[in-house]
Each structure stands twice: as structure tokens, then as C-alpha cells.
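Visitor: Quick one: this structure, given as C-alpha cells, is what I'll be asking you about.
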Amino acid sequence: MRAANAAKQGLRLLVILAILAIILYPLAWMLGSSFKSQEEVLSNVSVWPEHWTPGNYPEGWTHFKSAAVTFGRFFMNSALVAVLVVIGNGVSCLLAAYAFARLRFRGRKLWFAIMIGTLLLPSHVLIVPQFILFRQLGLVGGDFPYLPLVVPHFLATEAFFVFLMVQFMRGIPRELDEAAKIDGCSPIGVFRSVIFPLSRPALVTTAIFSFIWTWNDFFKQLVYVSQTERNTVPVALRAFIDSSGQVTVGPMFAMSVLSLVPVFLFFLAFQRMLVEGINTSGLKG
Amino acid sequence: MALTTTERPTRHSARVPAGSGRGVRREGRAGYLFLSPWLLGFAGFTLLPMLGSLLLSFTDYDILSDWSELHFVGFDNYRRMFTEDPAFWHAVKVTVLFGVIAVPLKLAAAFGVALLLNRETRGVGFFRGLFYLPSLLGGSVALGYVWYSMFNRDGSFNRLLGLFGIGGEGWVNDPDWALGTLILLAVWQFGAPMVIFLAGLKQVPAELYEAASVDGAGAWRKFWSVTMPMMSPVIFFNLVLETIHGFQGFTSAFVISGGTGGPVDSTLMYTLYLYIKGFTDYEMGYASALAWVFLAAIGLLTVVLFSTGRFWVHYSDGGDER
């Protein structure tokens with residue numbers, strides 16, 4: 001009986017490892033390919049390069065030298081947009097969530113229902129009129145083309161995070177609010193001294209996912225960013241193919257690898273939180 | 001477990017201190033104060049654009065010419081879409097095909113691996129993280145390129161097939177197969193729904209399995225009579241999420257087809273077509289009409305999903321009346 005069980009466990013582990021190997025192969029292959037020569041990327045199935053070509057990295061880094069910019073600039077641009085979005089989402093979604101989760105006011109249920117409705121609203125539906133709106137406001141192009149990517153996030157348009165924080169706040173005992181009120185706290189005081197400090201885990205989750213999603217976002221950045229020196233990383237990666245005609249695969253993979261490094265670092269640092277924090281938030285409550 | 005959480009009755013609401021009349025008014029004001037960023041954002045970046053887009057969908061607006069040259073064309077955009085635009089039907093076909101194949105495959109993979117991982121063995125947390133990794137990275141331009149290179153004529157997938165003596169084709173360049181590579185890329189990211197399944201499996205009460213064992217049920221019977229019904233709300237949740245998510249796939253289709261939806265419109269996802277019409281052809285009136293048809297389709301789909309859910313989703317608290 002025990003031996004049969006052990007065999008079953010072993011088989012289970014073997015199956016898991018086999019699936020994992022298939023799942024991770026494309027990532028490993030990408031990493032390996034970033035060190036392969038042009039011909040080898042296409043022909044070598046193996047993850048391991050035969051002829052190491054670390055030169056792919058400096059070559060990719062300076063690929064846009066005709067525009068006098070390196071990939072360093074694109075990383076700065078992407079980081080700037082992502083950090084601004086993180087701040088915007090954190091502040092505005094927290095405020096809105098407090099109102100929905102804790103304050104009683106006329107029309108709250110209706111607004112809440114509308115907010116939930118916008119969760120299912122695809123951003124693609126809004127892109128054309130939003131683009132026209134920002135263009136009318138004179139915010140498209142220019143030296144700082146990122147306002148259209150950032151400003152909506154300061155107004156809590158990312159309903160997903162509002163919902164996540166509402167769910168989190170519902171888990172904070174109401175007795176704490178009541179105690180603060182008895183001590184003479186106004187609703188603003190309750191927010192400052194109870195809800196805000198206790199919501200830190202939800203804020204961290206929001207910050208991490210805001211960063212990763214903005215970092216990976218392609219659709220909006222493609223629409224709003226066009227000048228080479230203003231490019232964000234995803235837009236620059238795409239321009240790799242456009243600009244060269246002849247695709248330089250090795251350097252492109254080198255920059256692709258670098259583009260994923262920040263996300264991967266977040267993954268290593270916050271693995272447990274990423275996996276548990278976000279995906280199960282919809283299940284609670 | 002529902003998107004709309006009903007308000008819980010609060011024991012304390014009866015004894016709100018500080019003279020309830022004034023307290024309630026003050027809370028009302030504070031409520032709108034805290035809500036004001038969201039209200040502004042909703043009005044300015046959701047409601048206004050939606051109404052604007054509805055209006056534009058009845059015009060021939062293109063961003064290049066002046067507003068004064070804008071003409072109302074009635075239902076022309078919609079008529080053209082349904083009767084004169086084969087690319088539109090291509091996009092619909094591609095998107096539906098993608099959704100119908102990718103979503104069930106992805107959910108099946110997610111559920112299967114979740115069942116494998118649902119044991120209290122060491123290292124489960126580590127494995128779970130690794131399975132989740134593609135969900136974090138998969139939507140990026142970088143992975144689009146990886147897929148493109150792997151499924152090229154000379155790509156490593158064909159070399160792999162070659163080891164078994166199978167001659168492959170240029171998958172991403174073949175109209176019959178290009179969408180298949182996109183589906184594979186979507187299924188590869190099964191980690192996100194898998195994590196939700198795992199959380200759900202943990203909540204199935206162990207007593208139910210014990211009771212089933214006492215009644216003489218085998219593993220297979222337990223799966224169908226305990227696991228499946230208890231997991232049906234989670235399956236439903238994932239189905240809704242992934243379906244809506246699936247219909248919006250843009251980046252991978254854009255990268256693999258070089259922004260064209262090719263070869264022969266075979267990867268022309270609806271959102272990609274909308275982008276091409278709006279931002280390559282500058283037909284913003286037409287793109288707005290496309291957007292509204294998309295919105296209507298998503299809305300309809302959600303309604304259909306929720307109404308079929310009544311027949312197969314089992315809520316152990318006796319169902320919900322919402």
C-alpha cells in the first residue's frame with residue numbers, strides 16, 4: 001500500500017516536471033538565443049548556444065544609434081510611465097475604495113454597480129474617442145507624450161484595483177472605525193488613522209501589478225508614442241523590425257530579455273504575493 | 001464568490017455616534033469627496049468617450065481633416081460593416097475561432113495542472129510560481145517575437161519535429177496555422193486561471209470526500225460528484241474572465257503578423273482590425289462603429305454566459321438570488 005502510494009507520488013512529480021519543462025522551454029530558449037549568432041538562432045533547437053555571442057547585447061543596446069539614443073533611454077521612459085501609473089492608481093483607487101467600502105452616501109450602490117460594469121469594459125472600445133479627446137486637449141505628441149497614458153490613472157479609471165481594494169477593506173474590522181469615531185475622528189480621520197495604514201498590503205499588490213501591466217502594455221503606448229527618442233521599451237522592440245528590414249534576431253532577443261528583467265525581478269521578490277494576492281481577490285467576499 | 005458583493009448587514013449601524021443626522025450628512029459629503037476622483041475619471045474618460053464614440057460611429061470622421069468637414073452618414077458605417085466589408089467578417093471569424101478554441105483549452109490545462117498540484121507536498125508553492133510565470137510575461141512584445149521565431153519555417157519547432165521525421169511548415173506564415181500559434185501562446189499562459197482553481201480546490205470541504213469514500217465512491221466518482229459541482233462556481237468565474245480577456249487579444253496578433261493581421265487576414269483579431277481602421281487608415285468614424293459592435297457583442301456574450309450559468313453552476317449556499 002505504502003509502496004504504491006510512493007510510486008503514485010513519484011509519477012505525479014514526474015508529470016509535473018515534464019509539463020514544467022515544456023512551459024519553461026520558450027523562456028529558456030529566448031535567454032539562450034540572446035547569446036546566439038544570427039544563423040544559430042534559427043537553426044539551433046537547443047537552449048545552449050554553440051558559439052557564444054555576447055556582442056548581441058551591446059549591439060541591441062545601440063541599435064537606434066542613428067537617432068542618437070540607446071535602449072537606456074527607452075528603459076527610463078518606460079520606468080517613468082510605469083512609476084507615474086503606480087502612484088496614480090495607488091492614490092486614486094484607495095480613495096474611491098474607501099468611499100465604496102466604508103462611507104454611506106446617496107447613490108452609492110448605483111455608483112458601485114457602474115464601477116463593476118466598467119470592469120468588463122474593454123479599453124479598445126474607448127481608445128478612438130479618448131485619442132480624439134487628448135488630441136483636442138493638445139496632449140498627443142510633443143516632448144512629453146505620456147500624459148494620455150498616465151492621467152486617467154490618477155482618476156481611478158482602473159476599476160479592477162478599486163474592486164481589489166474594496167474587497168480588502170471589507171476584511172478590516174469595523175470595530176476599528178467605530179473606535180476611531182468615538183475618539184472623535186471624522187470620516188477623513190478614520191481614513192487617515194485606520195484604513196490607510198491597514199490597507200498597505202492591498203496597496204503593495206496594486207503597485208506591483210500596476211507596474212507590471214504598464215511595463216508590458218503595448219496597445220496604448222503604440223497609439224500615443226511615436227518619436228524614436230520618446231519610445232517606451234515595447235514600442236522600441238517593435239521598431240526593431242520596422243527599422244532594419246533585415247531582422248537582426250540576436251540583438252532583438254538580447255533586448256527582449258532585458259525588457260523582461262524588471263518583471264522577472266518583481267516575480268522573484270514577491271512571488272507568493274503575486275500569486276495569491278491578485279488572483280484570489282475575486283473569490284473572497 | 002461573485003463580482004457584485006452585496007452589502008453585509010452591519011450590527012453597528014444602529015448606533016452611529018455623534019447625533020446620527022449630522023453624522024450621516026457629514027459621511028455623505030465625505031463619501032462624494034473621496035469618490036470625486038473616480039467620478040471625474042468615469043465622466044471624463046469613460047462616459048464622455050463612450051457617448052462621443054457613439055456619435056462618431058454615425059459620421060465619416062477621419063482625424064486628418066477639420067471638424068467642419070465631418071458628415072453625418074446615418075447607419076452607413078454599420079451597413080458597410082455588415083454587407084460590404086469582408087475584412088470585418090474575417091475579424092469576427094478569427095476572434096470567435098480564437099475564443100472558442102483557446103479558452104476551453106486554457107481552462108482545461110489550468111484545471112488539470114491545478115488538480116496535479118493540489119497536494120500538500122513540499123515545493124508546491126515553488127511549482128505554482130513557475131507555472132504562473134508565463135501569465136506575467138506572455139502579453140509582452142518580447143514573447144510575441146519568441147513565438148514568431150519558434151514557429152517560423154526554419155524555427156526551432158520545425159527542427160524539433162524534424163527529430164521525429166516530420167516535416168513542418170512555416171506555421172506563422174501559413175493562413176491555416178498562424179492562428180493556431182496564437183492559440184498556443186494563449187494556452188501557454190494558463191497559470192493565472194490555474195492559481196484561481198487551486199484556491200478553489202482548497203476550499204472544497206474534506207468531509208465531502210470522506211463521506212463519499214464511506215459511501216464507496218472511487219476516485220473517478222468523487223471527482224464527478226464532489227469536485228466538479230463544488231468547483232463549478234470557480235470554473236464559471238474563470239470562464240467569464242478568460243472569455244472576455246480572450247476576445248481582446250491584441251499584442252501577440254500584432255507582433256506575429258507585423259501589425260497587418262496576415263497572412264491573408266488569418267490573425268486579424270477584432271481589436272487589431274479596430275486599431276488598423278482607426279490608427280492606420282484614420283477612419284475613426286468607422287472604427288467607432290466597430291467599437292460599438294464589439295461592445296454589444298461582449299455585453300451579449302456576458303449575458304449569455306450568465307444565463308447558461310444558472311443550469312450548471314452549483315452554489316453550496318443554495319444559489320444566489322442576485
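Ligands are numbered from 1 in the order shown, residues from 1 within each chain, and chains are lettered A, B, ... in the order they appear in the C-alpha cells.
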Using only C-alpha atoms, find each residue in chain A having at least one atom no more than 7 Å away from chain B; report its shortest atom-to-atom pair and that distance in Å (one decimal), rows by chain then rising number, as JSON lines.

Guide:
{"residue": "A:Arg12", "atom": "CA", "partner": "B:Leu116", "partner_atom": "CA", "distance": 6.8}
{"residue": "A:Leu20", "atom": "CA", "partner": "B:Phe131", "partner_atom": "CA", "distance": 6.9}
{"residue": "A:Ile23", "atom": "CA", "partner": "B:Trp188", "partner_atom": "CA", "distance": 6.8}
{"residue": "A:Met30", "atom": "CA", "partner": "B:Val146", "partner_atom": "CA", "distance": 6.4}
{"residue": "A:Leu42", "atom": "CA", "partner": "B:Gly155", "partner_atom": "CA", "distance": 5.4}
{"residue": "A:Ser43", "atom": "CA", "partner": "B:Ser156", "partner_atom": "CA", "distance": 6.6}
{"residue": "A:Asn44", "atom": "CA", "partner": "B:Ser156", "partner_atom": "CA", "distance": 6.7}
{"residue": "A:Val45", "atom": "CA", "partner": "B:Ser156", "partner_atom": "CA", "distance": 4.8}
{"residue": "A:Ser92", "atom": "CA", "partner": "B:Pro37", "partner_atom": "CA", "distance": 6.3}
{"residue": "A:Leu95", "atom": "CA", "partner": "B:Phe34", "partner_atom": "CA", "distance": 5.2}
{"residue": "A:Ala96", "atom": "CA", "partner": "B:Leu35", "partner_atom": "CA", "distance": 4.8}
{"residue": "A:Ala99", "atom": "CA", "partner": "B:Gly31", "partner_atom": "CA", "distance": 5.1}
{"residue": "A:Leu103", "atom": "CA", "partner": "B:Gly31", "partner_atom": "CA", "distance": 5.5}
{"residue": "A:Arg104", "atom": "CA", "partner": "B:Gly28", "partner_atom": "CA", "distance": 6.0}
{"residue": "A:Phe105", "atom": "CA", "partner": "B:Gly28", "partner_atom": "CA", "distance": 4.3}
{"residue": "A:Arg106", "atom": "CA", "partner": "B:Gly28", "partner_atom": "CA", "distance": 6.9}
{"residue": "A:His124", "atom": "CA", "partner": "B:Thr271", "partner_atom": "CA", "distance": 6.6}
{"residue": "A:Val125", "atom": "CA", "partner": "B:Ala291", "partner_atom": "CA", "distance": 4.8}
{"residue": "A:Leu126", "atom": "CA", "partner": "B:Pro49", "partner_atom": "CA", "distance": 6.2}
{"residue": "A:Val128", "atom": "CA", "partner": "B:Met284", "partner_atom": "CA", "distance": 6.7}
{"residue": "A:Pro129", "atom": "CA", "partner": "B:Pro49", "partner_atom": "CA", "distance": 5.0}
{"residue": "A:Gln130", "atom": "CA", "partner": "B:Pro49", "partner_atom": "CA", "distance": 5.8}
{"residue": "A:Pro152", "atom": "CA", "partner": "B:Gly41", "partner_atom": "CA", "distance": 6.4}
{"residue": "A:Leu155", "atom": "CA", "partner": "B:Gly41", "partner_atom": "CA", "distance": 4.6}
{"residue": "A:Ala156", "atom": "CA", "partner": "B:Trp38", "partner_atom": "CA", "distance": 4.9}
{"residue": "A:Thr157", "atom": "CA", "partner": "B:Gly41", "partner_atom": "CA", "distance": 5.8}
{"residue": "A:Ile182", "atom": "CA", "partner": "B:Pro17", "partner_atom": "CA", "distance": 6.9}
{"residue": "A:Pro187", "atom": "CA", "partner": "B:Glu27", "partner_atom": "CA", "distance": 6.4}
{"residue": "A:Asn216", "atom": "CA", "partner": "B:Ser140", "partner_atom": "CA", "distance": 5.1}
{"residue": "A:Phe218", "atom": "CA", "partner": "B:Thr251", "partner_atom": "CA", "distance": 6.5}
{"residue": "A:Phe219", "atom": "CA", "partner": "B:Thr251", "partner_atom": "CA", "distance": 6.8}
{"residue": "A:Pro234", "atom": "CA", "partner": "B:Val141", "partner_atom": "CA", "distance": 5.9}
{"residue": "A:Ser256", "atom": "CA", "partner": "B:Ala142", "partner_atom": "CA", "distance": 4.8}
{"residue": "A:Gln271", "atom": "CA", "partner": "B:Gly129", "partner_atom": "CA", "distance": 6.3}
{"residue": "A:Val275", "atom": "CA", "partner": "B:Gly129", "partner_atom": "CA", "distance": 6.8}
{"residue": "A:Asn279", "atom": "CA", "partner": "B:Ile196", "partner_atom": "CA", "distance": 5.8}
{"residue": "A:Thr280", "atom": "CA", "partner": "B:Ile196", "partner_atom": "CA", "distance": 5.8}
{"residue": "A:Gly282", "atom": "CA", "partner": "B:Leu3", "partner_atom": "CA", "distance": 6.7}
{"residue": "A:Leu283", "atom": "CA", "partner": "B:Met1", "partner_atom": "CA", "distance": 4.5}
{"residue": "A:Lys284", "atom": "CA", "partner": "B:Met1", "partner_atom": "CA", "distance": 5.7}
{"residue": "A:Gly285", "atom": "CA", "partner": "B:Met1", "partner_atom": "CA", "distance": 6.1}

Visitor: Hey, what does DSSP flag as alpha helix (DSSP H) within stretch 149-304 of chain B? Can you give it to me as a PyMOL selection string?

Guide: chain B and resi 149-150+156-163+178-188+191-202+206-214+219-222+228-246+251-256+270-275+284-304

Visitor: Neighbouring residues of A:Pro145 were defined as those with any atom within 8 Å, considering only C-alpha atoms; residues of the same chain fewer than 6 positions away were excluded. Please report them as a list of chain:residue names.

Guide: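 So the residues in contact are A:Leu139, A:Tyr224, A:Val225, A:Arg230.
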